[in-house]
Number of protein chains: 2
Amino acid sequence: MKRTTSAAEVLLAVTRKSGRSMREQLEHGLRSAIQAGRLAPGFALPSTRSLAADLGVSRGVAVLAYEQLLAEGYLTSVMGSATRVATVPRGGSHQAPPIVAARPPAYDFRPGAPDVSIFPRRAWLSSVRRVLAGAPHAALAYPDPAGAVELRTALSLYLNRTRGTLARGDAIVVCNGFAQGLRLVCEVLIQRGIRSIAVENPGHAGQRADIESVGIRTRAVEVDAEGMRIDRLRGSDVGAVLLTPAHQFPTGVVLSPDRRKALLDWASHRGAWIIEDDYDAEYRYDRGPVGALQGLAPDRVIYLGSASKTLAPALRLGWILAPPELVDRLALAKLHADHGSPTLDQLAFADFIERRGLDRHLRKARLLYRRRRDAMVAALRAHLPSLNIEGVAAGLHLMVTLPSGTSEEAVMDAAARRSMRIYGVGPHRKTPGAPALLLGYGSMTEAQIEEGMAMLARIIKSGRSGAAKPGGRRSTVWDPIERALTDRILASKS
Amino acid sequence: MKRTTSAAEVLLAVTRKSGRSMREQLEHGLRSAIQAGRLAPGFALPSTRSLAADLGVSRGVAVLAYEQLLAEGYLTSVMGSATRVATVPRGGSHQAPPIVAARPPAYDFRPGAPDVSIFPRRAWLSSVRRVLAGAPHAALAYPDPAGAVELRTALSLYLNRTRGTLARGDAIVVCNGFAQGLRLVCEVLIQRGIRSIAVENPGHAGQRADIESVGIRTRAVEVDAEGMRIDRLRGSDVGAVLLTPAHQFPTGVVLSPDRRKALLDWASHRGAWIIEDDYDAEYRYDRGPVGALQGLAPDRVIYLGSASKTLAPALRLGWILAPPELVDRLALAKLHADHGSPTLDQLAFADFIERRGLDRHLRKARLLYRRRRDAMVAALRAHLPSLNIEGVAAGLHLMVTLPSGTSEEAVMDAAARRSMRIYGVGPHRKTPGAPALLLGYGSMTEAQIEEGMAMLARIIKSGRSGAAKPGGRRSTVWDPIERALTDRILASKS
């Protein structure tokens, strides 16, 4: 009969049918596992009593096997402590090299990045503690693919109050951040026969790519000082339009009241869907609030939001507030994508919202970001007074137009050599336009902002920023993580 | 100048340009928000001091507006406490009706469902606490799409030790449960030109559907007492094969040593990929361990696992252990799917594994499930002695073949009327076969198992289980959550 470690802390097997003794088999099994690296240096082995019981051998057999391997140097033992795998240097580390750079740049002006150092860790832990103490066991089984009832309800109340939406909890589908939400929406729109979607130009490069990756064409529609040119939608074949009405990305303009009306009229007349990206509406400094479009046309608008900019991107918490006829289809798409979002996180977030934790956090965050915004505007006026600054009234970034003839890529490259990451508008344009930079101030201190903008001014004034890379194709990948990964895949091919 | 609640706890705006007084505007704004349901009953309004400061009006204006709405019954006030929106009954609840049935059946023999009531809540909370106390701020920013280094390392050590894999942390991509992992693998295999994948028959219905939903054909390959018929792969055009070597789903057979060898030879010769679903390998009771195939051919095998059966499905934690040449592509697919899994959960899980929390939990869980397995076998032998039982040596379910002529659907329907959910093999067969049931014992107590099997015997012996629904198409949807959602979508169309 073959006996094994039923505890399964270590995969080993011995059998009485073998010609070799149980002790030999056990020694051989342990030695091979250590040699192969399956048992890592420092690993604490089960006690000889426990191992012997698991394998159905006498304890003496296990003791002898451990002693032999101790003698051979595979194991080490300290009096009164567990027997461990010896920490001799071996080839091959198990540590995974991170894809995100281990040493981030000293300055990173990523647009839309919040300051994660103010994440309310203590309040979040309290919410997790309450959830683990109080949630019914069913909360640990397979989740409702649309999301936990508690979070859907808390979000509907929060959004109605702060964003002017008209939402019931049953119209919300919880997802893993904005990106997954947009993909689920696209999958459902394809089922409904939609083959092309209008997007803003300039508009978010990643979103354009995400839409196209599921097989939907995008039609770029010009953005001017009043937002998207809604008149350009007439006569087009698009079945939906994706836009950022409260704070256009990347320009920062607000969709004007006339355009809002024209958009709703067009969508109602055409039976088209409006996909509203309300990505940083919580941050506005010196202008009136712009309520969500969803509140004006809850049957036409698919509203998307996330906690990435209000709390932390690492939470991967997002939501779709959908017209009633799309909710179940979105939930089914979510089921097929990943069976639903992690429940404990959802319940913790619901508790956090209900206890006004998000209100409190945002009150603090707004003051911080307003000061940083002011610092950035002041630094730009001091060091680069001739540049035009846009989109300062809200959000976590602003846009500066570079002198014509400047190459965004050259400025970015020169900055990178000084450990500073800045972002060009280029990838977000579907058609070429004036060179410009997106400068995020959310995650940089006022001192870093002043230093960074002074450095930027030196780069631009040095005159070495005019040389576009010869033959360089305009990149449409703006995210440094995606760029690093894509570069690595390309390099492995060659 | 237009002034607004900068605190943004309530979306309101007043302007001096209006013909109406500030007090009237504020009253009107609050009244409308309450009428529209945007401010929910019980919501605690900001203090008049805070609201007045936010709007740039005198505090007296805010006091008068609150008093007017108190008089009208829109607000309520208790001495020493915040002013709140009155809790008058209004149309329309914000509570989302759950898609998962609010009242689960009294007995649910779902195959593969673990007992979530033994989830180690205290140890998990300790891990979350350590993570929130110690993780660097960068852990809260956008995640590494491949997963947190800490978890990838912990998983590689754990899998090497317990499953006999040969993994380095950098070969692991963390995902949201098994389902997302399989989808990511399929997306990458499509990029590599693979158009069809062999699957087991019977085999998991949901996985077959998931593969087909991304545009890959499935080829059903018969399973016999030694597992998948590897000889049937020769001459086929498949570029990959998905199988459950350690514990075949649903039959419970183990892929025999000869078949393992034949499979590896075939894959190596054809340059094909093996997708290894190691779904419940941690649970085995009276047979030897079956190491993962991955340890024999780390360059050919894509290994998938999850915490759904070892800890809790609600965690949505899964992993892909991939050949080196696929890792970056899988990470990129994950980036496009949802930008990465939630970081705090990953770090908590890494801490939990490193502190041997998973080892301890599994030691306890194995004893529990073995007793339940014994109880189910005993109950079946007592109440339905003539039925053939298979797949008892491992896992969280077993399979019983029903008398020929019995309809799985009729038995399931009769059980459902007695608040008992059981599962037919039917959806998992690509071609018709003998009627059989999958009986999961993981989440039911020994008493529930005895009662449930006695009830099942009465149903089968009553003779009312032979009538298949007239004209009923064989369903390929086995998951009750998916069924409920699909039924609701179909009902809304008619």
# chains A, B, ... in the order shown; residues from 1 in each chain; ligands from 1
$ residues_around --residues "His204 in chain B" --least-positions-apart "5" --cutoff "12 Å" --atoms "only C-alpha atoms" --output "PyMOL selection string"
chain B and resi 111-112+179+199+209-211+218+220+242-244+248-251+277+279+424-430+438+476-479
$ residues_around --residues "Gln191 in chain B" --least-positions-apart "2" --cutoff "12 Å" --atoms "only C-alpha atoms" --output "MDAnalysis selection string"
chainID B and resid 184:189 193:195 214:216 326 329:330 332:333
$ select_by_dssp --residues "range 112-166 of chain B" --states "helix (DSSP H, G or I)" --output "MDAnalysis selection string"
chainID B and resid 116:118 121:134 137:140 149:163
$ atom_distance --atom1 "CA of Gly305 in chain B" --atom2 "CA of Ala171 in chain B"
13.5 Å
$ interface_residues --of "chain B" --to "chain A" --cutoff "6 Å" --atoms "only C-alpha atoms" --output "ChimeraX atom specification"
/B:4,7-11,38-39,94-96,100,116-117,137,140-144,149,153,160-162,168-170,179-180,288,312-316,337-338,342-343,363
$ write_last_selection --atoms "N, CA and C atoms" --output "short mmCIF file (atom, residue, chain, number, x, y, z; two decimals), in the first residue's frame"
data_model
loop_
_atom_site.label_atom_id
_atom_site.label_comp_id
_atom_site.auth_asym_id
_atom_site.auth_seq_id
_atom_site.Cartn_x
_atom_site.Cartn_y
_atom_site.Cartn_z
N THR B 4 -20.72 76.84 -4.80
CA THR B 4 -21.22 75.49 -4.64
C THR B 4 -20.68 74.86 -3.37
N ALA B 7 -17.44 70.96 -0.37
CA ALA B 7 -17.28 69.68 0.32
C ALA B 7 -17.89 68.57 -0.51
N ALA B 8 -18.86 68.93 -1.34
CA ALA B 8 -19.43 67.99 -2.31
C ALA B 8 -20.12 66.81 -1.63
N GLU B 9 -20.42 66.95 -0.34
CA GLU B 9 -21.22 65.90 0.28
C GLU B 9 -22.63 65.94 -0.26
N VAL B 10 -23.02 67.12 -0.72
CA VAL B 10 -24.34 67.29 -1.33
C VAL B 10 -24.15 68.16 -2.56
N LEU B 11 -24.70 67.72 -3.69
CA LEU B 11 -24.56 68.50 -4.91
C LEU B 11 -25.59 69.62 -4.91
N ARG B 38 -32.40 62.04 -4.24
CA ARG B 38 -30.94 62.14 -4.26
C ARG B 38 -30.38 62.22 -2.85
N LEU B 39 -31.16 62.85 -1.94
CA LEU B 39 -30.78 62.82 -0.52
C LEU B 39 -31.73 61.83 0.15
N HIS B 94 -33.93 51.80 -2.64
CA HIS B 94 -32.60 51.76 -3.26
C HIS B 94 -31.91 50.44 -3.03
N GLN B 95 -32.58 49.58 -2.29
CA GLN B 95 -31.99 48.27 -2.00
C GLN B 95 -32.00 47.44 -3.28
N ALA B 96 -30.87 46.90 -3.63
CA ALA B 96 -30.79 46.09 -4.85
C ALA B 96 -31.24 44.66 -4.57
N VAL B 100 -28.32 36.35 -6.68
CA VAL B 100 -28.23 35.10 -5.94
C VAL B 100 -29.46 35.06 -5.04
N VAL B 116 -17.63 27.37 3.80
CA VAL B 116 -17.10 28.71 4.07
C VAL B 116 -17.28 29.11 5.53
N SER B 117 -18.04 28.30 6.29
CA SER B 117 -18.21 28.66 7.71
C SER B 117 -16.93 28.42 8.50
N HIS B 137 3.62 52.70 0.55
CA HIS B 137 2.56 53.41 -0.15
C HIS B 137 2.39 52.93 -1.57
N LEU B 140 -0.37 50.78 -2.89
CA LEU B 140 -1.73 51.28 -3.10
C LEU B 140 -1.91 51.96 -4.45
N ALA B 141 -0.83 52.07 -5.21
CA ALA B 141 -0.92 52.68 -6.54
C ALA B 141 -1.37 51.61 -7.55
N TYR B 142 -1.30 51.93 -8.84
CA TYR B 142 -1.69 50.93 -9.84
C TYR B 142 -0.84 49.69 -9.66
N PRO B 143 -1.47 48.52 -9.67
CA PRO B 143 -0.74 47.28 -9.37
C PRO B 143 0.13 46.81 -10.53
N ASP B 144 1.06 45.92 -10.20
CA ASP B 144 1.75 45.16 -11.23
C ASP B 144 0.71 44.22 -11.83
N VAL B 149 4.61 40.96 -6.13
CA VAL B 149 5.79 40.10 -6.02
C VAL B 149 5.68 39.17 -4.81
N THR B 153 5.80 35.10 -5.17
CA THR B 153 6.86 34.34 -4.53
C THR B 153 6.28 33.30 -3.56
N ASN B 160 5.37 24.49 -5.19
CA ASN B 160 6.51 23.58 -5.35
C ASN B 160 6.53 22.54 -4.23
N ARG B 161 6.24 23.00 -3.04
CA ARG B 161 6.30 22.13 -1.87
C ARG B 161 5.13 21.15 -1.83
N THR B 162 3.92 21.63 -2.11
CA THR B 162 2.74 20.77 -1.92
C THR B 162 2.25 20.10 -3.20
N ARG B 168 9.04 29.36 -10.48
CA ARG B 168 9.64 30.55 -9.91
C ARG B 168 8.53 31.59 -9.85
N GLY B 169 8.67 32.53 -8.90
CA GLY B 169 7.64 33.55 -8.75
C GLY B 169 7.38 34.30 -10.05
N ASP B 170 8.44 34.49 -10.85
CA ASP B 170 8.24 35.28 -12.07
C ASP B 170 7.52 34.51 -13.16
N ALA B 179 -11.75 31.16 -13.42
CA ALA B 179 -12.46 31.53 -14.66
C ALA B 179 -11.71 32.62 -15.43
N GLN B 180 -11.27 33.65 -14.70
CA GLN B 180 -10.53 34.69 -15.41
C GLN B 180 -9.21 34.14 -15.95
N GLY B 288 -2.75 7.87 -2.98
CA GLY B 288 -1.48 8.59 -3.01
C GLY B 288 -1.63 9.97 -3.63
N ALA B 312 -12.06 30.29 0.15
CA ALA B 312 -13.40 30.81 -0.06
C ALA B 312 -13.52 31.36 -1.48
N PRO B 313 -14.59 31.01 -2.18
CA PRO B 313 -14.79 31.54 -3.54
C PRO B 313 -14.88 33.06 -3.57
N ALA B 314 -15.39 33.66 -2.49
CA ALA B 314 -15.59 35.12 -2.48
C ALA B 314 -14.28 35.90 -2.55
N LEU B 315 -13.14 35.24 -2.26
CA LEU B 315 -11.86 35.95 -2.33
C LEU B 315 -11.48 36.26 -3.77
N ARG B 316 -11.95 35.45 -4.72
CA ARG B 316 -11.61 35.61 -6.13
C ARG B 316 -10.09 35.70 -6.33
N ALA B 337 -7.56 43.35 -19.28
CA ALA B 337 -8.83 42.88 -18.71
C ALA B 337 -9.28 43.78 -17.56
N ASP B 338 -8.36 44.10 -16.65
CA ASP B 338 -8.78 44.89 -15.48
C ASP B 338 -7.63 45.57 -14.75
N PRO B 342 -6.74 43.19 -7.07
CA PRO B 342 -6.60 44.08 -5.91
C PRO B 342 -5.36 43.73 -5.08
N THR B 343 -4.53 44.73 -4.80
CA THR B 343 -3.24 44.46 -4.18
C THR B 343 -3.34 44.05 -2.71
N ARG B 363 -5.33 21.40 6.90
CA ARG B 363 -5.25 20.25 7.80
C ARG B 363 -6.62 20.03 8.47
#
